[in-house]
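Okay, protein-v6.csv is below, CSV, N, CA and C atoms:
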```csv
chain,number,residue,atom,x,y,z
T,1,MET,N,-8.1,-15.7,2.3
T,1,MET,CA,-7.6,-14.3,2.2
T,1,MET,C,-7.6,-13.8,3.7
T,2,THR,N,-6.4,-13.2,4.0
T,2,THR,CA,-6.3,-12.6,5.4
T,2,THR,C,-6.4,-11.1,5.3
T,3,TRP,N,-6.9,-10.6,6.4
T,3,TRP,CA,-7.0,-9.2,6.6
T,3,TRP,C,-6.2,-8.7,7.8
T,4,THR,N,-5.6,-7.6,7.7
T,4,THR,CA,-4.9,-7.0,8.9
T,4,THR,C,-6.0,-6.6,9.9
T,5,ALA,N,-5.6,-6.5,11.1
T,5,ALA,CA,-6.5,-6.0,12.1
T,5,ALA,C,-7.1,-4.6,11.8
T,6,ALA,N,-6.3,-3.8,11.3
T,6,ALA,CA,-6.7,-2.4,11.0
T,6,ALA,C,-7.7,-2.4,9.8
T,7,ALA,N,-7.5,-3.3,8.8
T,7,ALA,CA,-8.4,-3.4,7.7
T,7,ALA,C,-9.8,-3.9,8.2
T,8,GLU,N,-9.7,-4.9,9.1
T,8,GLU,CA,-10.9,-5.5,9.6
T,8,GLU,C,-11.7,-4.5,10.4
T,9,THR,N,-11.0,-3.6,11.1
T,9,THR,CA,-11.7,-2.5,11.9
T,9,THR,C,-12.4,-1.6,10.9
T,10,ARG,N,-11.7,-1.3,9.8
T,10,ARG,CA,-12.4,-0.4,8.8
T,10,ARG,C,-13.6,-1.0,8.2
T,11,LEU,N,-13.5,-2.3,7.9
T,11,LEU,CA,-14.6,-3.1,7.3
T,11,LEU,C,-15.8,-3.0,8.3
T,12,ARG,N,-15.6,-3.1,9.6
T,12,ARG,CA,-16.7,-3.0,10.5
T,12,ARG,C,-17.5,-1.7,10.5
T,13,GLU,N,-16.9,-0.7,9.9
T,13,GLU,CA,-17.6,0.6,9.7
T,13,GLU,C,-18.7,0.5,8.6
T,14,VAL,N,-18.6,-0.5,7.8
T,14,VAL,CA,-19.6,-0.7,6.7
T,14,VAL,C,-20.9,-1.3,7.4
T,15,PRO,N,-22.0,-0.8,7.0
T,15,PRO,CA,-23.3,-1.4,7.6
T,15,PRO,C,-23.3,-2.9,7.4
T,16,PHE,N,-23.7,-3.6,8.5
T,16,PHE,CA,-23.7,-5.0,8.6
T,16,PHE,C,-24.4,-5.7,7.5
T,17,PHE,N,-25.5,-5.2,6.9
T,17,PHE,CA,-26.2,-5.9,5.9
T,17,PHE,C,-25.6,-5.9,4.6
T,18,VAL,N,-24.6,-5.0,4.3
T,18,VAL,CA,-23.8,-5.1,3.1
T,18,VAL,C,-22.4,-5.5,3.2
T,19,ARG,N,-22.0,-5.7,4.5
T,19,ARG,CA,-20.6,-6.1,4.8
T,19,ARG,C,-20.1,-7.3,4.1
T,20,PRO,N,-20.9,-8.4,4.1
T,20,PRO,CA,-20.4,-9.6,3.4
T,20,PRO,C,-20.2,-9.4,1.9
T,21,ALA,N,-21.0,-8.6,1.2
T,21,ALA,CA,-20.8,-8.3,-0.2
T,21,ALA,C,-19.6,-7.4,-0.4
T,22,VAL,N,-19.4,-6.5,0.5
T,22,VAL,CA,-18.2,-5.6,0.4
T,22,VAL,C,-16.9,-6.4,0.6
T,23,ARG,N,-16.9,-7.3,1.6
T,23,ARG,CA,-15.8,-8.2,1.9
T,23,ARG,C,-15.4,-9.0,0.7
T,24,LYS,N,-16.5,-9.6,0.1
T,24,LYS,CA,-16.3,-10.5,-1.1
T,24,LYS,C,-15.7,-9.7,-2.3
T,25,ARG,N,-16.2,-8.5,-2.5
T,25,ARG,CA,-15.7,-7.7,-3.6
T,25,ARG,C,-14.3,-7.3,-3.4
T,26,ILE,N,-13.9,-6.9,-2.2
T,26,ILE,CA,-12.6,-6.4,-1.9
T,26,ILE,C,-11.6,-7.6,-2.0
T,27,GLU,N,-12.0,-8.8,-1.5
T,27,GLU,CA,-11.2,-10.0,-1.6
T,27,GLU,C,-11.0,-10.4,-3.1
T,28,ARG,N,-12.0,-10.2,-3.9
T,28,ARG,CA,-11.9,-10.6,-5.3
T,28,ARG,C,-10.8,-9.6,-6.0
T,29,LEU,N,-10.9,-8.3,-5.7
T,29,LEU,CA,-10.0,-7.4,-6.2
T,29,LEU,C,-8.5,-7.7,-5.8
T,30,ALA,N,-8.4,-8.1,-4.5
T,30,ALA,CA,-7.1,-8.4,-4.0
T,30,ALA,C,-6.5,-9.6,-4.7
T,31,ALA,N,-7.4,-10.6,-4.9
T,31,ALA,CA,-6.9,-11.8,-5.6
T,31,ALA,C,-6.5,-11.5,-7.0
T,32,GLU,N,-7.2,-10.7,-7.7
T,32,GLU,CA,-6.9,-10.3,-9.0
T,32,GLU,C,-5.5,-9.5,-9.0
T,33,ALA,N,-5.2,-8.8,-7.9
T,33,ALA,CA,-4.0,-8.1,-7.9
T,33,ALA,C,-2.8,-8.9,-7.4
T,34,GLY,N,-3.1,-10.2,-7.0
T,34,GLY,CA,-2.1,-11.1,-6.6
T,34,GLY,C,-1.7,-11.0,-5.1
T,35,LEU,N,-2.6,-10.4,-4.3
T,35,LEU,CA,-2.3,-10.2,-2.9
T,35,LEU,C,-2.8,-11.3,-2.1
T,36,ALA,N,-2.1,-11.6,-1.0
T,36,ALA,CA,-2.5,-12.6,-0.1
T,36,ALA,C,-3.1,-12.0,1.2
T,37,GLU,N,-2.9,-10.7,1.4
T,37,GLU,CA,-3.4,-10.0,2.6
T,37,GLU,C,-4.0,-8.7,2.2
T,38,ILE,N,-5.0,-8.3,2.9
T,38,ILE,CA,-5.7,-7.0,2.7
T,38,ILE,C,-5.3,-6.1,3.8
T,39,ASP,N,-4.7,-5.0,3.5
T,39,ASP,CA,-4.3,-4.0,4.5
T,39,ASP,C,-5.2,-2.7,4.3
T,40,VAL,N,-5.0,-1.8,5.2
T,40,VAL,CA,-5.8,-0.6,5.2
T,40,VAL,C,-5.6,0.2,3.8
T,41,GLY,N,-4.4,0.2,3.4
T,41,GLY,CA,-4.1,0.9,2.1
T,41,GLY,C,-4.9,0.3,1.0
T,42,PHE,N,-4.9,-1.0,0.8
T,42,PHE,CA,-5.6,-1.6,-0.2
T,42,PHE,C,-7.1,-1.5,0.0
T,43,TYR,N,-7.6,-1.6,1.2
T,43,TYR,CA,-9.0,-1.4,1.5
T,43,TYR,C,-9.5,0.0,1.0
T,44,GLU,N,-8.7,1.0,1.4
T,44,GLU,CA,-9.1,2.3,0.9
T,44,GLU,C,-9.1,2.5,-0.6
T,45,GLN,N,-8.1,1.9,-1.3
T,45,GLN,CA,-8.1,1.9,-2.7
T,45,GLN,C,-9.3,1.3,-3.3
T,46,ALA,N,-9.6,0.1,-2.8
T,46,ALA,CA,-10.8,-0.6,-3.3
T,46,ALA,C,-12.1,0.2,-3.0
T,47,LYS,N,-12.2,0.7,-1.8
T,47,LYS,CA,-13.4,1.5,-1.5
T,47,LYS,C,-13.5,2.7,-2.5
T,48,ALA,N,-12.4,3.4,-2.7
T,48,ALA,CA,-12.4,4.5,-3.7
T,48,ALA,C,-12.8,4.0,-5.1
T,49,ARG,N,-12.4,2.9,-5.4
T,49,ARG,CA,-12.7,2.3,-6.8
T,49,ARG,C,-14.2,2.1,-6.9
T,50,PHE,N,-14.8,1.7,-5.7
T,50,PHE,CA,-16.3,1.5,-5.7
T,50,PHE,C,-17.1,2.8,-5.7
T,51,GLY,N,-16.3,3.9,-5.6
T,51,GLY,CA,-17.0,5.2,-5.5
T,51,GLY,C,-17.6,5.5,-4.2
T,52,GLN,N,-17.0,5.0,-3.1
T,52,GLN,CA,-17.5,5.2,-1.8
T,52,GLN,C,-16.4,5.8,-0.9
T,53,SER,N,-15.6,6.7,-1.4
T,53,SER,CA,-14.5,7.3,-0.6
T,53,SER,C,-15.0,8.3,0.4
```
How does this structure look as structure tokens?
Amino acid sequence: MTWTAAAETRLREVPFFVRPAVRKRIERLAAEAGLAEIDVGFYEQAKARFGQS
């Protein structure tokens, strides 16, 4: 799964100790949606879905 540079930057705002779990969960959602790349828009949608907007 690839991430745009902007999405990676947003992911770095997540505390380091939960970042791997957040990355995995967002990548799983993207795969379920049939996406090959995660951009900022999808990142924000996924984050809102987790209730962390």
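Within chain T, the backbone-based DSSP assignment of strand (DSSP E or B) covers Thr2, Trp3, Glu37 and Ile38 of chain T.
For the atom pair formed by atom C of Thr2 (chain T) and atom C of Ala30 (chain T), the distance is 10.1 Å, given to one decimal.
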Practice prompt. In the coordinates of the file, take the point (-4.7, -1.4, -0.1) and a cut-off of 12 Å; then, counting only C-alpha atoms, name each qualifying protein, DNA or RNA residue as an NGL selection string.
Written response: :T and (3-4 or 6-7 or 10 or 26-27 or 29-31 or 33-49)
Discussion item. Please return, as a ChimeraX atom specification, all residues of chain T that DSSP assigns to alpha helix (DSSP H) on the basis of the backbone.
Written reply: /T:5-11,19-32,40-49
Worksheet, complete the sentence: Atom pair atom C of Met1 (chain T) + atom C of Arg28 (chain T), distance 11.0 Å
Build an axis-aligned box that encloses every atom of region 15-23 of chain T listed in the file, pad it by 4 Å on each side, and report its centre and edge lengths in Å to one decimal, as lines of an AutoDock Vina configuration file.
```
center_x = -20.8
center_y = -5.2
center_z = 4.1
size_x = 18.8
size_y = 16.8
size_z = 17.0
```
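Atom C of Val22 (chain T) is found 11.2 Å from atom C of Phe50 (chain T).
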